[in-house]
Amino acid sequence: MLGNYSLTRLGKCNWWSEGEGMFTATETSVIVLILLAAVGILGWGFYRSQPFGKLGILAWLQSVVLMAPWLLFFGLFAAGVYLNLVSILFLLVASALLYIFLGNQLRAAAKDAPLQKPTSAVENGTQSTKEADPESAQTPNKQPELPQIPTLQVVSIPDEDLKTIQGIFGIDTFFATETIAYQEGAIFKGNLRGEAQAVHTRLSAALEERLGDRYRLFLVANPDEKPVFIVLPSRNDPKPSTIPQKVLAIILLLATIATCFEAAGILMGFDFFNSLNRYNDALPVAGGILAVLAAHEIGHWVLASRHNIRLSLPYFLPTWQIGSFGAITRFESLLPNRNVLFDIAFAGPAAGGIVSLSMLVIGLSLSHPGSFFQVPSQFFSGSILVGSLARVVLGSALQQPIVDVHPLTVIGWLGLVITAINLMPAGQLDGGRIVQAIYGRQIASRAGIATLIVLAIATLANPLALYWAIVIVFLQRDLERPSLNDITEPDDARAALGLLALFLMLVTLIPLSPGLAGRLGIGG
């Protein structure tokens, strides 16, 4: 997935070599499959938007406008048509302006017709409640007599509290029809009356008013995709990090700083630990890698602070090959909804990715004959994204066997790899959290299994994939715990940003085949 490489000295610095190319038919099939996948994603988005009428179409058009420049750029690139940097910037600016225009139209239309997504669970719940309680349907202002709560010995909630909790439900919010013991709390089945977020907010406020901060109210979907409420004691909330855990985080940070210097030394042709007196030589590259890592974590912390969510210290994962694989960060607060999960998960890769991409573009722009690093031209075929940007900026220089590049080019590429690795849709990685926020837990679980299968296959070509697969299996395989309101889906703008992030992850990690790279002018 990341390409095979060996970092050995050649002139100033010599990079990897790859094997023989693929068949033209295979390359063509891959391009066709990517285009079909893109069309399928856009078609699915259009299908989902139709029930919302004008509002849905406008929201769908926003996602199309956001993704169109990248799809156009890479589609033309695969066909051998190269856009210069001015054309790319024009596409991005035009896309941003059109996105803003459609957003204004969407907000204007929403004033006349508020966007509410009815779910089959809500509709079915309303119908079944009417059938079960026809008298309450005729007199909606009358509070129905709620069903008797059976005595459940395994429920740790006291009977008095359980009756108080049952009292928060009503015919105009959630008509509870059944109470089931669940862990240290209880599940309330019934029929949701109204928009999920508004109902959850209202019932949570009622629960806190009556019983204080002793219980938490979760709105989730049961296996039949029908909404249910789960009440659990607040003592089950995420716990703050312990002193040993904080010490471990600090140790891993120090180890990561060391491996970043070691990776910088390898890139420059010496062993840092055997040449500690050359720390000044390794400092710029190591500092660049650490800057990407810092930007990533700052992105998480800024959005978490905005949503009043506590995060643990980051547990960095050091590796001598590229400095670090990123960090593991735990939530130390319950998340109110899936929007918050998406925002915090997306902010880290967005910040780290912007810093890395900026370094890469600036480094390519500053590259000239005599630049510090010398890399084989095949280096740029190790990533679709890196190769395409290099082709746009460096042009015919990529046809030379050896290309001189500015150090920021190498740092930016490493930063993009670190960011892309964390965007893999598995478990509690940023990518897994993004998929869980947009599509729910079931699809996130399947995406995690698919990711592990792909990593297992990639292990045959690159041992780094095995390392990361082990990290996921032992540390990150579990999904994030449900949000308090785990039913309401993020809006289409967030869904489009999530798809864009996953798309950039793929084009960063997937290499160009030598045959296709050659036809595109990389390596002559």
# chains A, B, ... in the order shown; residues from 1 in each chain; ligands from 1

$ residues_around --residues "A:Leu203" --least-positions-apart "2" --cutoff "9 Å" --atoms "only C-alpha atoms" --output "VMD selection string"
chain A and resid 168 to 169 173 to 174 198 to 201 205 to 208 217

$ select_by_dssp --residues "stretch 151-376 of chain A" --states "alpha helix (DSSP H)" --output "ChimeraX atom specification"
/A:159-166,196-211,243-267,279-306,338-366
